[in-house]
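Asks: My structure is stored as structure_12.pdb, with PDB, C-alpha atoms.
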```pdb
ATOM      1  CA  MET A   1     -19.203  15.456  16.689
ATOM      2  CA  ALA A   2     -18.485  18.101  14.060
ATOM      3  CA  GLU A   3     -16.912  16.846  10.858
ATOM      4  CA  LEU A   4     -13.265  17.761  10.463
ATOM      5  CA  GLN A   5     -12.914  20.561   7.926
ATOM      6  CA  PRO A   6     -10.061  20.113   5.448
ATOM      7  CA  ARG A   7      -7.539  22.845   4.892
ATOM      8  CA  PRO A   8      -7.126  24.472   1.468
ATOM      9  CA  SER A   9      -6.232  22.137  -1.370
ATOM     10  CA  THR A  10      -2.756  23.621  -1.813
ATOM     11  CA  ARG A  11      -1.666  21.540   1.152
ATOM     12  CA  SER A  12       0.689  18.622   1.008
ATOM     13  CA  LEU A  13      -0.425  15.023   1.004
ATOM     14  CA  VAL A  14       2.260  13.130   2.897
ATOM     15  CA  VAL A  15       2.853   9.485   2.011
ATOM     16  CA  GLY A  16       3.415   7.698   5.301
ATOM     17  CA  THR A  17       6.015   5.137   4.308
ATOM     18  CA  HIS A  18       9.803   4.926   4.253
ATOM     19  CA  ASN A  19       9.632   2.487   1.332
ATOM     20  CA  ARG A  20      10.893   4.496  -1.656
ATOM     21  CA  HIS A  21       9.394   1.982  -4.110
ATOM     22  CA  LYS A  22       5.939   2.523  -2.629
ATOM     23  CA  VAL A  23       6.395   6.298  -2.687
ATOM     24  CA  ARG A  24       7.277   6.161  -6.386
ATOM     25  CA  GLU A  25       4.237   4.010  -7.209
ATOM     26  CA  ILE A  26       1.893   6.176  -5.152
ATOM     27  CA  ARG A  27       3.184   9.395  -6.711
ATOM     28  CA  ALA A  28       2.615   7.957 -10.193
ATOM     29  CA  LEU A  29      -0.907   6.805  -9.392
ATOM     30  CA  LEU A  30      -1.907  10.064  -7.701
ATOM     31  CA  ARG A  31      -0.440  12.356 -10.363
ATOM     32  CA  GLY A  32      -2.760  15.298 -10.992
ATOM     33  CA  ILE A  33      -4.521  15.382  -7.612
ATOM     34  CA  PRO A  34      -4.946  18.844  -6.001
ATOM     35  CA  PHE A  35      -2.306  18.167  -3.348
ATOM     36  CA  GLU A  36       1.482  18.172  -3.379
ATOM     37  CA  VAL A  37       2.506  14.562  -2.806
ATOM     38  CA  ARG A  38       5.474  14.322  -0.438
ATOM     39  CA  SER A  39       7.289  11.550   1.392
ATOM     40  CA  ILE A  40       7.209  11.306   5.178
ATOM     41  CA  ASP A  41      11.028  11.308   5.044
ATOM     42  CA  GLU A  42      10.918  14.940   3.876
ATOM     43  CA  LEU A  43       9.104  16.091   7.013
ATOM     44  CA  TYR A  44       9.699  13.679   9.850
ATOM     45  CA  ASP A  45      12.733  12.000  11.397
ATOM     46  CA  GLY A  46      11.153  10.663  14.585
ATOM     47  CA  PRO A  47      10.441   7.053  15.534
ATOM     48  CA  ASP A  48       8.576   4.882  13.077
ATOM     49  CA  VAL A  49       5.030   3.721  13.747
ATOM     50  CA  VAL A  50       4.921   0.156  15.050
ATOM     51  CA  GLU A  51       2.729  -1.986  12.803
ATOM     52  CA  ASP A  52       1.198  -4.263  15.430
ATOM     53  CA  GLY A  53      -2.328  -4.557  14.028
ATOM     54  CA  HIS A  54      -3.936  -7.856  13.116
ATOM     55  CA  THR A  55      -5.234  -6.584   9.768
ATOM     56  CA  PHE A  56      -3.964  -4.406   6.937
ATOM     57  CA  ALA A  57      -6.685  -1.863   7.768
ATOM     58  CA  GLU A  58      -5.575  -1.580  11.396
ATOM     59  CA  ASN A  59      -1.965  -0.955  10.424
ATOM     60  CA  ALA A  60      -2.822   1.538   7.666
ATOM     61  CA  SER A  61      -5.105   3.592   9.905
ATOM     62  CA  LYS A  62      -2.599   3.589  12.774
ATOM     63  CA  LYS A  63       0.193   4.857  10.516
ATOM     64  CA  ALA A  64      -1.962   7.537   8.922
ATOM     65  CA  VAL A  65      -3.261   8.842  12.246
ATOM     66  CA  GLU A  66       0.088   8.795  14.050
ATOM     67  CA  PHE A  67       2.051  10.391  11.202
ATOM     68  CA  SER A  68      -0.612  13.082  10.762
ATOM     69  CA  LYS A  69      -0.442  13.863  14.473
ATOM     70  CA  ALA A  70       3.348  14.148  14.277
ATOM     71  CA  THR A  71       3.421  16.348  11.162
ATOM     72  CA  GLY A  72       0.113  18.232  11.328
ATOM     73  CA  GLU A  73      -0.381  17.269   7.686
ATOM     74  CA  LEU A  74      -2.824  15.281   5.603
ATOM     75  CA  VAL A  75      -1.282  11.799   5.497
ATOM     76  CA  LEU A  76      -1.947   8.786   3.294
ATOM     77  CA  ALA A  77      -0.659   5.464   4.593
ATOM     78  CA  ASP A  78      -1.053   1.976   3.268
ATOM     79  CA  ASP A  79      -0.506  -1.504   4.537
ATOM     80  CA  SER A  80      -0.357  -4.247   1.994
ATOM     81  CA  GLY A  81       0.822  -7.770   1.679
ATOM     82  CA  LEU A  82       0.536 -11.223   0.236
ATOM     83  CA  GLU A  83      -1.884 -13.936   1.317
ATOM     84  CA  VAL A  84      -1.174 -17.507   0.199
ATOM     85  CA  ASP A  85      -3.989 -20.037   0.538
ATOM     86  CA  ALA A  86      -1.669 -23.016   1.048
ATOM     87  CA  LEU A  87      -0.083 -21.177   3.992
ATOM     88  CA  ASP A  88      -3.425 -20.310   5.627
ATOM     89  CA  GLY A  89      -3.131 -16.680   4.521
ATOM     90  CA  ALA A  90       0.517 -16.162   5.476
ATOM     91  CA  PRO A  91       2.619 -14.087   5.217
ATOM     92  CA  GLY A  92      -0.284 -11.595   5.520
ATOM     93  CA  VAL A  93       0.419  -8.556   7.697
ATOM     94  CA  ARG A  94       3.947  -9.903   8.237
ATOM     95  CA  SER A  95       4.746  -9.806   4.499
ATOM     96  CA  ALA A  96       7.479  -7.152   4.780
ATOM     97  CA  ARG A  97       9.193  -8.951   7.666
ATOM     98  CA  TYR A  98       8.366 -12.564   6.860
ATOM     99  CA  ALA A  99      11.961 -13.758   7.054
ATOM    100  CA  GLY A 100      12.757 -11.459  10.007
ATOM    101  CA  PRO A 101      12.684  -7.733  10.817
ATOM    102  CA  ALA A 102      16.025  -6.936   9.152
ATOM    103  CA  LYS A 103      15.649  -9.170   6.105
ATOM    104  CA  SER A 104      15.431  -8.100   2.460
ATOM    105  CA  ASP A 105      12.762  -8.633  -0.192
ATOM    106  CA  ALA A 106      14.911 -11.442  -1.582
ATOM    107  CA  ASP A 107      15.069 -13.097   1.854
ATOM    108  CA  ASN A 108      11.295 -12.935   2.219
ATOM    109  CA  THR A 109      10.760 -14.381  -1.249
ATOM    110  CA  ARG A 110      13.261 -17.161  -0.624
ATOM    111  CA  LYS A 111      11.473 -18.184   2.574
ATOM    112  CA  LEU A 112       8.117 -18.155   0.799
ATOM    113  CA  LEU A 113       9.375 -20.376  -2.028
ATOM    114  CA  ASP A 114      10.996 -22.761   0.450
ATOM    115  CA  GLU A 115       7.699 -23.182   2.291
ATOM    116  CA  LEU A 116       5.864 -23.838  -0.977
ATOM    117  CA  ARG A 117       8.482 -26.219  -2.380
ATOM    118  CA  GLN A 118       6.179 -29.264  -2.265
ATOM    119  CA  ILE A 119       3.012 -27.416  -3.307
ATOM    120  CA  PRO A 120       1.873 -28.020  -6.925
ATOM    121  CA  ASP A 121       0.950 -25.154  -9.228
ATOM    122  CA  ALA A 122      -2.790 -25.825  -8.897
ATOM    123  CA  GLU A 123      -2.589 -25.173  -5.155
ATOM    124  CA  ARG A 124      -0.430 -22.033  -5.183
ATOM    125  CA  ASN A 125      -3.284 -19.516  -5.290
ATOM    126  CA  ALA A 126      -2.568 -16.183  -3.647
ATOM    127  CA  ARG A 127      -3.636 -12.569  -3.569
ATOM    128  CA  PHE A 128      -2.165  -9.183  -2.859
ATOM    129  CA  ARG A 129      -4.259  -6.996  -0.555
ATOM    130  CA  CYS A 130      -3.916  -3.287   0.157
ATOM    131  CA  ALA A 131      -5.629  -1.052   2.706
ATOM    132  CA  ILE A 132      -5.195   2.715   2.441
ATOM    133  CA  ALA A 133      -6.048   5.222   5.150
ATOM    134  CA  VAL A 134      -6.013   9.007   4.991
ATOM    135  CA  ALA A 135      -5.878  11.047   8.176
ATOM    136  CA  ASP A 136      -5.876  14.793   8.792
ATOM    137  CA  ARG A 137      -4.453  16.349  11.953
ATOM    138  CA  GLY A 138      -4.688  13.082  13.849
ATOM    139  CA  ARG A 139      -8.173  12.081  12.743
ATOM    140  CA  LEU A 140      -9.067   9.363  10.273
ATOM    141  CA  VAL A 141     -10.773  10.812   7.175
ATOM    142  CA  PHE A 142     -11.421   7.689   5.079
ATOM    143  CA  MET A 143     -10.242   4.192   4.220
ATOM    144  CA  VAL A 144     -10.266   2.223   0.954
ATOM    145  CA  ASP A 145      -8.891  -1.130  -0.151
ATOM    146  CA  GLY A 146      -8.030  -3.264  -3.155
ATOM    147  CA  SER A 147      -6.978  -6.815  -4.003
ATOM    148  CA  VAL A 148      -5.735  -8.848  -6.953
ATOM    149  CA  GLU A 149      -5.713 -12.630  -7.411
ATOM    150  CA  GLY A 150      -2.784 -14.626  -8.723
ATOM    151  CA  GLN A 151      -0.511 -17.594  -8.119
ATOM    152  CA  ILE A 152       2.951 -18.025  -6.677
ATOM    153  CA  ALA A 153       5.464 -18.938  -9.369
ATOM    154  CA  GLN A 154       7.998 -21.710  -8.837
ATOM    155  CA  ALA A 155      10.892 -19.224  -9.133
ATOM    156  CA  PRO A 156      11.362 -15.448  -9.437
ATOM    157  CA  ARG A 157      10.761 -13.998 -12.904
ATOM    158  CA  GLY A 158      11.439 -10.471 -14.095
ATOM    159  CA  SER A 159      13.495  -7.547 -12.841
ATOM    160  CA  GLY A 160      10.818  -4.923 -12.211
ATOM    161  CA  GLY A 161       8.623  -4.184  -9.239
ATOM    162  CA  PHE A 162       9.593  -4.931  -5.662
ATOM    163  CA  GLY A 163       8.653  -7.161  -2.757
ATOM    164  CA  TYR A 164       7.021 -10.378  -3.933
ATOM    165  CA  ASP A 165       6.357  -9.094  -7.466
ATOM    166  CA  PRO A 166       8.866 -11.487  -9.114
ATOM    167  CA  VAL A 167       6.904 -14.530  -7.869
ATOM    168  CA  PHE A 168       3.357 -13.158  -8.147
ATOM    169  CA  PHE A 169       2.067 -14.648 -11.396
ATOM    170  CA  VAL A 170      -1.115 -13.177 -12.893
ATOM    171  CA  PRO A 171      -2.777 -15.713 -15.211
ATOM    172  CA  SER A 172      -4.549 -13.087 -17.337
ATOM    173  CA  LEU A 173      -1.159 -11.501 -18.081
ATOM    174  CA  GLY A 174       0.770 -14.736 -18.381
ATOM    175  CA  LYS A 175       3.524 -12.961 -16.458
ATOM    176  CA  THR A 176       4.587 -11.959 -12.980
ATOM    177  CA  PHE A 177       4.196  -8.368 -11.832
ATOM    178  CA  ALA A 178       7.984  -8.029 -12.144
ATOM    179  CA  GLU A 179       7.793  -8.861 -15.864
ATOM    180  CA  VAL A 180       5.346  -6.141 -16.901
ATOM    181  CA  PRO A 181       5.788  -2.355 -17.250
ATOM    182  CA  PRO A 182       4.778  -0.237 -14.238
ATOM    183  CA  LYS A 183       1.701   1.082 -16.076
ATOM    184  CA  VAL A 184       0.391  -2.438 -16.577
ATOM    185  CA  LYS A 185       1.051  -3.428 -12.986
ATOM    186  CA  ASN A 186      -0.520  -0.256 -11.618
ATOM    187  CA  ARG A 187      -3.644  -0.803 -13.694
ATOM    188  CA  MET A 188      -4.241  -4.218 -12.130
ATOM    189  CA  SER A 189      -2.541  -4.182  -8.768
ATOM    190  CA  HIS A 190      -4.089  -4.115  -5.314
ATOM    191  CA  ARG A 191      -2.438  -0.769  -4.598
ATOM    192  CA  GLY A 192      -3.526   0.643  -7.946
ATOM    193  CA  GLN A 193      -7.146  -0.297  -7.239
ATOM    194  CA  ALA A 194      -7.056   1.220  -3.762
ATOM    195  CA  LEU A 195      -5.356   4.399  -4.947
ATOM    196  CA  ARG A 196      -7.924   4.980  -7.680
ATOM    197  CA  LYS A 197     -10.592   4.903  -4.981
ATOM    198  CA  ALA A 198      -8.450   7.214  -2.845
ATOM    199  CA  ARG A 199      -8.069   9.666  -5.758
ATOM    200  CA  GLU A 200     -11.835  10.122  -5.903
ATOM    201  CA  LYS A 201     -12.162  10.682  -2.177
ATOM    202  CA  LEU A 202      -9.200  13.089  -2.105
ATOM    203  CA  ALA A 203     -10.795  15.117  -4.897
ATOM    204  CA  GLU A 204     -14.002  15.295  -2.857
ATOM    205  CA  TYR A 205     -12.011  16.358   0.193
ATOM    206  CA  ALA A 206     -10.291  19.108  -1.791
ATOM    207  CA  ASP A 207     -13.695  20.322  -3.033
ATOM    208  CA  LYS A 208     -14.901  20.581   0.556
ATOM    209  CA  ALA A 209     -11.842  22.650   1.390
ATOM    210  CA  ALA A 210     -12.852  25.104  -1.322
ATOM    211  CA  LYS A 211     -16.389  25.347   0.100
ATOM    212  CA  PRO A 212     -16.003  25.674   3.865
ATOM    213  CA  GLY A 213     -19.500  27.048   4.190
ATOM    214  CA  ASP A 214     -20.940  23.647   3.301
ATOM    215  CA  PHE A 215     -19.991  22.224   6.684
TER     216      PHE A 215
END
```
Starting from the coordinates I provided, produce the structure as structure tokens.
Replies:
Amino acid sequence: MAELQPRPSTRSLVVGTHNRHKVREIRALLRGIPFEVRSIDELYDGPDVVEDGHTFAENASKKAVEFSKATGELVLADDSGLEVDALDGAPGVRSARYAGPAKSDADNTRKLLDELRQIPDAERNARFRCAIAVADRGRLVFMVDGSVEGQIAQAPRGSGGFGYDPVFFVPSLGKTFAEVPPKVKNRMSHRGQALRKAREKLAEYADKAAKPGDF
């Protein structure tokens, strides 16, 4: 099968999420790439992609492929979440809807803390995981991932970040992700790690677009 040839690097890179917090983080971490970073909300008002995969990678690749089919654009999609050892890896792929499909970040965090109420600090180990997929015109181009280890705090701390950030305590920082500036979080976070890998691959993809004869 012939390798899919990228279009010129003046194209858009569409971020396949309706989560405005994620879009803001991704834009910051991809600043300077040879693509115009846009939100899926700017281009598409059809049905959302159902995240029914059993892994972060399955959900990320499904979103990237389906949104790129719908828009005809280069699409970056991520799926990320929290894994807690004491809960056998939950909430996992259900992190965004842990307390129910229409619940808020605060509801999800409250449920998590309730389930860990009797768990001592030494047994509250957890990690954030992120899988990122990039697809072009309905075909998967590449996937990358990232993870960061931490612990679940006894109560929310800090006003920054989003999702479970206020209860994700990073021992090397001595703070939760919600207590540190965005630059510090992005340097260490699961999504930051994955996006740095994605930056390199997107730069390579743009180079290929400038040299179509290499295919």
Asks: Tell me, in Å to one decimal, how far CA of His18 in chain A is from CA of Arg31 in chain A.
Replies: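 Pair CA of His18 in chain A / CA of Arg31 in chain A returns 19.3 Å.
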Asks: Kindly give the distance, in Å, that separates CA of Arg129 in chain A and CA of Leu82 in chain A, rounded to a single decimal.
Replies: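 Computing it gives 6.4 Å between the two atoms.
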Asks: So which one's closest to Lys175 in chain A, A:Lys208, A:Arg97, A:Lys62, A:Arg157? Using all atoms listed in the file, please.
Replies: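 Nearest candidate to Lys175 in chain A out of A:Lys208, A:Arg97, A:Lys62, A:Arg157: A:Arg157.
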Asks: Which of these, A:Phe168, A:Ala155, A:Ser147, A:Asp52, has the shortest distance to His190 in chain A once you count all atoms listed in the file?
Replies: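 With all atoms listed in the file as the atom set, the closest residue is A:Ser147.
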Asks: Suppose you want the space between CA of Leu116 in chain A and CA of Ala86 in chain A; what is it in Å?
Replies: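 Going from CA of Leu116 in chain A over to CA of Ala86 in chain A, I get 7.8 Å.
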Asks: Out of A:Lys183, A:Lys22, A:Arg94, A:Arg127, which residue has the shortest atom-to-atom distance to Ala77 in chain A when counting all atoms listed in the file?
Replies: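 Closest residue, counting all atoms listed in the file: A:Lys22.
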Asks: Excluding His21 in chain A and its own-chain neighbours fewer than 4 positions away, which residues fall within 12 Å of it when counting all atoms listed in the file? Please give them as a list in words.
Replies: Val15, Thr17, Glu25, Ile26, Arg27, Ala28, Ser39, Asp105, Gly160, Gly161, Phe162, Gly163, Asp165 and Pro182 of chain A
Asks: Could you spell out the hits of the PyMOL selection byres ((chain A and resi 113) around 12) on the shown file, as a PyMOL selection string?
Replies: chain A and resi 84+86-87+91+98-99+106-112+114-120+124+151-156+164+166-168
Asks: Return as a PyMOL selection string the set of residues that the PyMOL selection byres ((chain A and resi 55) around 9) yields on the displayed structure.
Replies: chain A and resi 52-54+56-60+79+92-93+131
Asks: List the spatial neighbours of Leu74 in chain A as a PyMOL selection string - criterion: any atom at most 12 Å away, only C-alpha atoms, same-chain residues fewer than 3 positions off excluded.
Replies: chain A and resi 4-16+35-40+63-71+77+133-142+202+205-206
Asks: Which residue out of A:Gly174, A:Gly192, A:Gly100, A:Pro34 has the minimum interatomic distance to Ser80 in chain A when all atoms listed in the file are used?
Replies: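 Selected residue with least distance to Ser80 in chain A: A:Gly192.
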Asks: Could you check the closest approach to Val170 in chain A for each of A:Ser104, A:Asn19, A:Asn125, A:Ser95 and tell me which residue wins, using only C-alpha atoms?
Replies: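 Using only C-alpha atoms, the shortest distance to Val170 in chain A belongs to A:Asn125.
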